[in-house]
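K.L.:
Take a look at input_7.csv, CSV, C-alpha atoms:
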chain,number,residue,atom,x,y,z
A,49,MET,CA,25.9,-1.0,11.2
A,50,THR,CA,22.8,-3.0,10.2
A,51,PRO,CA,23.2,-6.7,9.5
A,52,GLU,CA,21.9,-6.0,5.9
A,53,ARG,CA,24.7,-3.5,5.3
A,54,ARG,CA,27.3,-5.8,6.8
A,55,ALA,CA,26.1,-8.6,4.5
A,56,VAL,CA,26.5,-6.4,1.5
A,57,ASN,CA,30.0,-5.2,2.5
A,58,GLY,CA,31.2,-8.7,3.6
A,59,ASN,CA,34.6,-8.3,5.2
A,60,ARG,CA,35.3,-5.0,3.5
A,61,LYS,CA,35.6,-2.1,5.8
A,62,PRO,CA,33.0,0.6,5.1
A,63,SER,CA,34.0,3.9,3.5
A,64,PRO,CA,33.3,7.3,5.1
A,65,ASP,CA,30.3,7.7,2.8
A,66,GLU,CA,28.9,4.4,3.8
A,67,VAL,CA,29.3,5.2,7.5
A,68,ALA,CA,27.7,8.6,6.9
A,69,ASP,CA,24.8,7.0,5.1
A,70,ASP,CA,24.1,4.7,8.0
A,71,LEU,CA,24.2,7.5,10.5
A,72,ARG,CA,22.1,9.7,8.2
A,73,THR,CA,19.4,6.9,8.2
A,74,ARG,CA,19.4,6.8,12.0
A,75,ILE,CA,18.8,10.6,12.1
A,76,ARG,CA,16.1,10.4,9.4
A,77,THR,CA,14.2,7.6,11.1
A,78,GLY,CA,14.4,9.1,14.6
A,79,VAL,CA,16.8,6.6,16.1
A,80,LEU,CA,19.0,9.7,16.7
A,81,LYS,CA,16.7,12.7,17.5
A,82,SER,CA,17.3,16.4,17.4
A,83,GLY,CA,19.7,17.3,20.3
A,84,ASP,CA,20.9,13.8,20.8
A,85,GLN,CA,24.6,13.4,21.3
A,86,LEU,CA,26.3,10.9,19.1
A,87,PRO,CA,28.6,8.2,20.6
A,88,THR,CA,32.3,9.0,20.7
A,89,GLN,CA,34.4,8.5,17.7
A,90,ALA,CA,36.1,5.6,19.5
A,91,VAL,CA,32.8,3.9,20.1
A,92,LEU,CA,31.7,4.5,16.5
A,93,ALA,CA,35.0,3.2,15.1
A,94,GLU,CA,34.6,0.0,17.1
A,95,GLU,CA,31.0,-0.4,15.9
A,96,PHE,CA,31.8,0.0,12.2
A,97,GLY,CA,35.2,-1.7,12.4
A,98,VAL,CA,37.2,1.2,11.0
A,99,GLU,CA,39.8,3.7,12.0
A,100,ARG,CA,38.8,6.9,13.7
A,101,GLY,CA,39.8,8.9,10.7
A,102,VAL,CA,37.0,7.2,8.7
A,103,ILE,CA,34.5,8.2,11.4
A,104,ARG,CA,35.8,11.7,11.5
A,105,LEU,CA,35.3,12.1,7.7
A,106,ALA,CA,31.8,10.6,7.9
A,107,LEU,CA,30.8,13.1,10.7
A,108,GLN,CA,32.2,16.0,8.7
A,109,ARG,CA,30.0,14.9,5.8
A,110,LEU,CA,27.0,15.0,8.0
A,111,GLN,CA,28.0,18.3,9.4
A,112,GLY,CA,28.3,19.6,5.8
A,113,ASP,CA,24.7,18.4,5.3
A,114,GLY,CA,23.6,20.5,8.3
A,115,LEU,CA,22.6,17.4,10.3
A,116,LEU,CA,25.2,17.7,13.1
A,117,THR,CA,26.7,20.4,15.2
A,118,ALA,CA,30.4,21.2,15.0
A,119,VAL,CA,32.6,18.1,14.7
A,120,THR,CA,35.7,18.4,16.9
A,121,ARG,CA,38.2,16.1,18.6
A,122,GLY,CA,36.5,16.9,21.9
A,123,ALA,CA,32.9,16.3,22.8
A,124,PRO,CA,30.9,14.3,20.3
A,125,PRO,CA,28.6,16.3,18.1
A,126,ARG,CA,24.9,16.5,18.5
A,127,VAL,CA,22.1,16.1,16.0
A,128,ALA,CA,21.2,19.5,14.7
A,129,SER,CA,17.7,21.0,15.2
A,130,PRO,CA,15.3,20.5,12.2
A,131,ALA,CA,15.2,24.3,11.6
A,132,SER,CA,18.8,24.3,10.7
A,133,SER,CA,19.2,20.9,9.1
A,134,GLU,CA,17.5,21.3,5.8
A,135,ALA,CA,16.2,24.1,3.6
A,136,PRO,CA,13.5,23.7,0.9
A,137,ILE,CA,14.9,22.4,-2.4
A,138,GLN,CA,13.8,22.1,-6.0
A,139,THR,CA,11.7,19.0,-6.6
A,140,ALA,CA,14.1,17.7,-9.3
A,141,ALA,CA,17.0,17.7,-6.9
A,142,GLY,CA,15.2,16.9,-3.6
A,143,LEU,CA,12.8,14.2,-4.4
A,144,GLY,CA,15.2,11.5,-5.5
A,145,PRO,CA,17.3,11.3,-2.3
A,146,ARG,CA,14.2,11.2,-0.1
A,147,ILE,CA,12.6,8.4,-2.1
A,148,LEU,CA,15.9,6.5,-2.0
A,149,GLY,CA,16.0,6.9,1.8
A,150,ALA,CA,12.4,5.6,2.0
A,151,PHE,CA,13.5,2.4,0.3
A,152,GLU,CA,15.8,1.5,3.2
A,153,SER,CA,12.7,0.5,5.1
A,154,ASP,CA,11.7,-3.1,5.2
A,155,ASP,CA,8.1,-2.2,4.1
A,156,VAL,CA,8.1,0.7,1.7
A,157,ARG,CA,5.0,2.8,1.4
A,158,ILE,CA,4.8,5.8,-1.0
A,159,ASP,CA,1.6,7.8,-1.6
A,160,ALA,CA,1.5,10.6,-4.1
A,161,ILE,CA,-0.8,13.3,-5.5
A,162,CYS,CA,0.5,14.9,-8.6
A,163,LEU,CA,-0.3,16.1,-12.1
A,164,THR,CA,1.5,13.5,-14.3
A,165,ALA,CA,3.8,11.3,-12.0
A,166,GLU,CA,6.8,12.3,-14.1
A,167,SER,CA,8.9,13.5,-11.1
A,168,LEU,CA,8.0,10.4,-9.1
A,169,THR,CA,8.9,8.1,-12.0
A,170,LEU,CA,12.3,9.7,-12.3
A,171,ALA,CA,12.9,9.6,-8.6
A,172,LEU,CA,12.2,5.9,-8.4
A,173,ALA,CA,14.9,5.0,-10.9
A,174,GLU,CA,17.8,5.0,-8.4
A,175,PRO,CA,16.2,2.9,-5.6
A,176,LEU,CA,15.0,0.4,-8.2
A,177,GLN,CA,18.5,0.1,-9.6
A,178,HIS,CA,19.8,-0.4,-6.0
A,179,ILE,CA,17.3,-3.2,-5.5
A,180,ARG,CA,18.4,-5.0,-8.7
A,181,ALA,CA,22.0,-4.6,-7.6
A,182,GLY,CA,21.3,-6.1,-4.2
A,183,TRP,CA,22.2,-3.0,-2.3
A,184,LEU,CA,18.6,-2.6,-1.0
A,185,SER,CA,16.3,-5.4,0.0
A,186,PRO,CA,12.9,-4.3,1.2
A,187,SER,CA,10.3,-7.0,1.8
A,188,SER,CA,7.4,-5.1,0.2
A,189,VAL,CA,6.8,-2.0,-1.9
A,190,LYS,CA,3.3,-0.4,-1.9
A,191,VAL,CA,2.7,2.7,-4.1
A,192,ARG,CA,-0.5,4.6,-4.4
A,193,VAL,CA,-0.9,7.5,-6.8
A,194,MET,CA,-3.7,10.0,-7.5
A,195,LEU,CA,-3.8,11.8,-10.8
A,196,PRO,CA,-6.4,14.1,-12.5
A,197,ALA,CA,-9.2,12.2,-14.2
A,198,ARG,CA,-9.0,11.7,-18.0
A,199,ASP,CA,-12.0,13.8,-19.1
A,200,LEU,CA,-11.5,16.5,-16.5
A,201,GLU,CA,-11.4,20.1,-17.8
A,202,LEU,CA,-8.1,21.0,-16.3
A,203,ALA,CA,-7.3,24.3,-14.7
A,204,PHE,CA,-3.7,23.7,-16.1
A,205,PRO,CA,-2.3,23.0,-18.5
A,206,ARG,CA,-4.7,24.7,-20.8
A,207,ARG,CA,-4.7,27.2,-23.6
A,208,ALA,CA,-4.4,30.9,-22.4
A,209,GLU,CA,-7.1,31.8,-24.9
A,210,PRO,CA,-9.7,29.0,-25.2
A,211,LYS,CA,-10.4,27.8,-28.7
A,212,LYS,CA,-13.6,25.8,-29.2
A,213,GLY,CA,-12.9,22.2,-30.1
A,214,ASP,CA,-9.1,22.4,-29.7
A,215,GLN,CA,-8.0,19.5,-27.5
A,216,GLY,CA,-4.3,19.7,-28.3
A,217,VAL,CA,-3.1,20.8,-24.9
A,218,HIS,CA,-5.3,18.3,-23.1
A,219,LYS,CA,-4.1,15.5,-25.4
A,220,ARG,CA,-0.5,16.3,-24.7
A,221,TRP,CA,-1.1,16.2,-20.9
A,222,LEU,CA,-3.1,13.0,-21.1
A,223,ALA,CA,-0.4,11.3,-23.2
A,224,LEU,CA,2.3,12.3,-20.6
A,225,ARG,CA,0.1,11.2,-17.7
A,226,ASN,CA,-0.5,7.8,-19.3
A,227,SER,CA,3.1,7.2,-20.5
A,228,GLN,CA,4.6,8.1,-17.1
A,229,GLY,CA,2.0,6.0,-15.3
A,230,HIS,CA,2.7,3.0,-17.5
A,231,VAL,CA,6.5,3.4,-16.9
A,232,LEU,CA,6.0,3.7,-13.2
A,233,LYS,CA,3.8,0.6,-13.0
A,234,HIS,CA,6.0,-1.5,-15.3
A,235,ASN,CA,9.3,-0.6,-13.4
A,236,LEU,CA,7.9,-1.4,-10.0
A,237,GLU,CA,5.9,-4.5,-11.0
A,238,ALA,CA,9.0,-5.9,-12.7
A,239,LEU,CA,10.5,-6.4,-9.2
A,240,ARG,CA,8.1,-9.2,-8.6
A,241,SER,CA,9.9,-11.4,-11.1
A,242,THR,CA,13.5,-10.1,-10.8
A,243,ARG,CA,13.6,-9.9,-7.0
A,244,ASP,CA,10.5,-11.8,-5.9
A,245,LEU,CA,9.2,-8.8,-3.9
A,246,ASP,CA,5.7,-8.1,-2.7
A,247,VAL,CA,4.8,-5.2,-5.0
A,248,GLU,CA,1.5,-3.3,-5.3
A,249,VAL,CA,0.9,-0.3,-7.5
A,250,THR,CA,-2.5,1.4,-7.4
A,251,MET,CA,-3.7,4.5,-9.2
A,252,ARG,CA,-6.9,6.5,-8.8
A,253,ALA,CA,-8.4,9.5,-10.6
A,254,LEU,CA,-9.2,12.8,-8.9
A,255,PRO,CA,-12.1,15.0,-10.1
A,256,PHE,CA,-10.1,18.2,-9.8
A,257,THR,CA,-6.7,19.6,-10.8
A,258,PRO,CA,-4.4,19.3,-7.8
A,259,PRO,CA,-2.9,22.8,-7.0
A,260,VAL,CA,-0.1,21.1,-5.1
A,261,LYS,CA,2.0,18.0,-5.3
A,262,LEU,CA,2.3,15.8,-2.2
A,263,TYR,CA,4.5,12.7,-1.5
A,264,LEU,CA,4.1,10.7,1.7
A,265,LEU,CA,6.9,8.3,2.5
A,266,ASN,CA,6.3,5.4,4.9
A,267,GLY,CA,3.7,7.4,6.7
A,268,THR,CA,6.4,9.4,8.5
A,269,GLU,CA,7.5,12.0,6.0
A,270,ALA,CA,5.7,14.5,3.8
A,271,LEU,CA,7.1,16.3,0.8
A,272,PHE,CA,5.0,19.2,-0.3
A,273,ALA,CA,5.2,21.7,-3.2
A,274,TYR,CA,3.0,24.2,-4.8
A,275,TYR,CA,2.3,24.1,-8.5
A,276,THR,CA,3.1,27.6,-9.8
A,277,VAL,CA,1.2,28.5,-12.9
A,278,GLU,CA,3.0,30.4,-15.7
A,279,LYS,CA,2.0,31.7,-19.1
A,280,ARG,CA,4.3,30.4,-21.8
A,281,GLU,CA,4.4,29.4,-25.4
A,282,GLU,CA,4.9,25.9,-26.7
A,283,VAL,CA,4.5,24.2,-30.1
A,284,ILE,CA,1.6,21.9,-29.9
A,285,GLU,CA,0.5,19.8,-32.9
A,286,GLY,CA,2.8,21.9,-35.1
A,287,SER,CA,1.5,25.4,-34.0
A,288,PRO,CA,2.9,27.9,-31.5
A,289,THR,CA,0.4,27.9,-28.6
A,290,GLU,CA,0.2,30.2,-25.5
A,291,LEU,CA,-0.9,28.2,-22.5
A,292,PHE,CA,-1.1,28.3,-18.7
A,293,ASP,CA,1.1,25.5,-17.5
A,294,VAL,CA,3.4,24.4,-14.6
A,295,LEU,CA,6.8,22.8,-14.4
A,296,GLY,CA,6.5,20.4,-11.5
A,297,SER,CA,10.2,19.5,-11.5
A,298,ASP,CA,11.1,23.2,-10.8
A,299,SER,CA,8.6,23.6,-7.8
A,300,THR,CA,10.0,24.1,-4.4
A,301,LEU,CA,9.8,21.0,-2.2
A,302,PHE,CA,9.2,21.4,1.5
A,303,ARG,CA,10.0,18.5,3.8
A,304,PHE,CA,8.1,17.6,7.0
A,305,GLU,CA,9.2,14.7,9.2
A,306,ALA,CA,7.1,13.2,12.0
A,307,THR,CA,10.1,12.9,14.3
A,308,ALA,CA,11.2,16.5,13.9
A,309,GLY,CA,8.8,18.2,16.4
A,310,VAL,CA,5.2,18.9,17.0
A,311,ARG,CA,4.7,21.1,13.9
A,312,ASP,CA,6.1,18.6,11.5
A,313,GLN,CA,4.3,15.7,13.3
A,314,LEU,CA,1.0,17.4,12.9
A,315,PHE,CA,1.6,18.3,9.2
A,316,VAL,CA,2.5,14.7,8.4
A,317,ALA,CA,-0.5,13.4,10.2
A,318,GLN,CA,-2.9,15.9,8.5
A,319,SER,CA,-1.3,15.1,5.1
A,320,VAL,CA,-1.8,11.4,5.6
A,321,ALA,CA,-5.4,12.0,6.7
A,322,TRP,CA,-6.1,14.3,3.7
A,323,PHE,CA,-4.7,11.7,1.3
A,324,GLU,CA,-6.8,8.9,2.8
A,325,SER,CA,-9.9,11.0,2.7
A,326,LEU,CA,-9.6,11.6,-1.0
A,327,TRP,CA,-8.5,8.1,-1.7
A,328,ASN,CA,-11.5,6.6,0.1
A,329,THR,CA,-14.2,9.0,-1.1
A,330,ILE,CA,-14.1,11.0,-4.3
A,331,ALA,CA,-11.1,9.3,-6.1
A,332,THR,CA,-12.2,6.7,-8.6
A,333,GLU,CA,-10.5,3.8,-10.5
A,334,LEU,CA,-8.0,5.1,-13.0
A,335,VAL,CA,-7.3,3.1,-16.1
A,336,LEU,CA,-4.4,4.3,-18.2
A,337,GLY,CA,-5.0,4.6,-21.9
A,338,THR,CA,-2.9,2.6,-24.3
Let me see the structure of the file written as structure tokens.
P.N.:
Amino acid sequence: MTPERRAVNGNRKPSPDEVADDLRTRIRTGVLKSGDQLPTQAVLAEEFGVERGVIRLALQRLQGDGLLTAVTRGAPPRVASPASSEAPIQTAAGLGPRILGAFESDDVRIDAICLTAESLTLALAEPLQHIRAGWLSPSSVKVRVMLPARDLELAFPRRAEPKKGDQGVHKRWLALRNSQGHVLKHNLEALRSTRDLDVEVTMRALPFTPPVKLYLLNGTEALFAYYTVEKREEVIEGSPTELFDVLGSDSTLFRFEATAGVRDQLFVAQSVAWFESLWNTIATELVLGT
């Protein structure tokens, strides 16, 4: 168990969930790799200062997550292969836990390309609460976000049947982009005064509508989802309006981890390179409207 976690727990013995969280972090960060055999339950029980029953329950939780092979009283389990460990999941359900895991690093780095930053803002709520409570204590948090430019003619959302001079759909998107951006910046930057953290939040504008959303966590993990466009009706400025729109929270999130094999390693590296190329070339300063 890490010194930080011991400091939080004090003399209290960790629960099965806390032991599982610690081992889950080792698997996620590559300390324990696919195919590695875990230490015996006796060794783990001594390390964590708990009874073997606690270790057995923790391992069963990890097996239930698909992270370990069968847990028995015989040979220690092994870390499961990436192919069987995690299936794609809806953004609303999958992004939060991954962001929370990223905040266990000493230096947190999150880069994102998205349409409004709404999903990212929601996903940050739990790790920020954990920092305020003292359960997480990173030294620095750096967040970079790229969003569509203010005056861009968006591919989506937009009216299904264009109406000259009607800016209602665009105004609604812009208001959401600005409000979510303000909340994200405020919540993160507030950590400077409450926890004296090194916090940096930077946003830039893209000259195109991103067809996908991408989240890069600490440079070692990429979360990727397609925006699926649908035609639907919504009341905008008091009138029913048919529009082409997306629901980013419902999009399917695919996870790639640099420690999970050559395919994932290359995808993460290319995603990081793509983000940096946009950030350093065609992306421009983004000033959120008031």
K.L.:
Distance CA of Ser153 in chain A-CA of Pro186 in chain A, one decimal place?
P.N.:
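Rounded to one decimal, the two atoms are 6.2 Å apart.
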K.L.:
Could you give me, as a PDB file with C-alpha atoms, keeping the file's coordinate frame, the residues within 6 Å of range 259-269 of chain A, counting all atoms listed in the file and dropping anything in the same chain fewer than 2 positions from it?
P.N.:
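Produced file part.pdb, reproduced below:
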ATOM      1  CA  VAL A 156       8.100   0.700   1.700  1.00  0.00           C
ATOM      2  CA  ARG A 157       5.000   2.800   1.400  1.00  0.00           C
ATOM      3  CA  ILE A 158       4.800   5.800  -1.000  1.00  0.00           C
ATOM      4  CA  ASP A 159       1.600   7.800  -1.600  1.00  0.00           C
ATOM      5  CA  ALA A 160       1.500  10.600  -4.100  1.00  0.00           C
ATOM      6  CA  ILE A 161      -0.800  13.300  -5.500  1.00  0.00           C
ATOM      7  CA  CYS A 162       0.500  14.900  -8.600  1.00  0.00           C
ATOM      8  CA  LEU A 271       7.100  16.300   0.800  1.00  0.00           C
ATOM      9  CA  PHE A 272       5.000  19.200  -0.300  1.00  0.00           C
ATOM     10  CA  ALA A 273       5.200  21.700  -3.200  1.00  0.00           C
ATOM     11  CA  TYR A 274       3.000  24.200  -4.800  1.00  0.00           C
ATOM     12  CA  TYR A 275       2.300  24.100  -8.500  1.00  0.00           C
ATOM     13  CA  PHE A 304       8.100  17.600   7.000  1.00  0.00           C
ATOM     14  CA  GLU A 305       9.200  14.700   9.200  1.00  0.00           C
ATOM     15  CA  ALA A 306       7.100  13.200  12.000  1.00  0.00           C
TER      16      ALA A 306
END
K.L.:
Range 140-151 of chain A: which residues within 10 Å, counting all atoms listed in the file, same-chain residues fewer than 2 positions away excluded, as number ranges by chain?
P.N.:
A: 69, 72-73, 76-77, 136-138, 153-158, 167-176, 178-179, 184-186, 188-189, 263-266, 268-271, 296-303
K.L.:
In Å to one decimal, how far is CA of Thr250 in chain A from CA of Asp293 in chain A?
P.N.:
26.4 Å
K.L.:
Neighbours of range 206-221 of chain A within 6 Å (only C-alpha atoms; same-chain residues fewer than 2 positions away dropped), as number ranges by chain?
P.N.:
A: 204, 223-224, 290-292
K.L.:
So how many Å separate CA of Thr242 in chain A and CA of Val191 in chain A, to one decimal?
P.N.:
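Rounded to one decimal, the two atoms are 18.0 Å apart.
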K.L.:
Restricting the calculation to only C-alpha atoms: of A:Glu152, A:Ser319, A:Thr88, A:Gln177, which residue gets closest to Ala238 in chain A?
P.N.:
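So, comparing all the options, the nearest one is A:Gln177.
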K.L.:
Using only C-alpha atoms, which residue out of A:Glu237, A:Asp84, A:Glu324, A:Asp246 lies closest to Val127 in chain A?
P.N.:
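Among A:Glu237, A:Asp84, A:Glu324, A:Asp246, it is A:Asp84 that comes nearest to Val127 in chain A.
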K.L.:
Find the residue from A:Pro205, A:Leu105, A:Val320, A:Leu314 that sits nearest to Arg280 in chain A; use all atoms listed in the file when measuring.
P.N.:
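Comparing A:Pro205, A:Leu105, A:Val320, A:Leu314 against Arg280 in chain A, the winner is A:Pro205.
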K.L.:
Kindly indicate which residue among A:Leu71, A:Val283, A:Val335, A:Leu110 lies nearest to Glu95 in chain A, using only C-alpha atoms for the distances.
P.N.:
A:Leu71
K.L.:
Rank nothing, just name the residue among A:Leu336, A:Lys279, A:Lys190, A:Val91 nearest to Leu236 in chain A, using all atoms listed in the file.
P.N.:
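The closest residue to Leu236 in chain A is A:Lys190.
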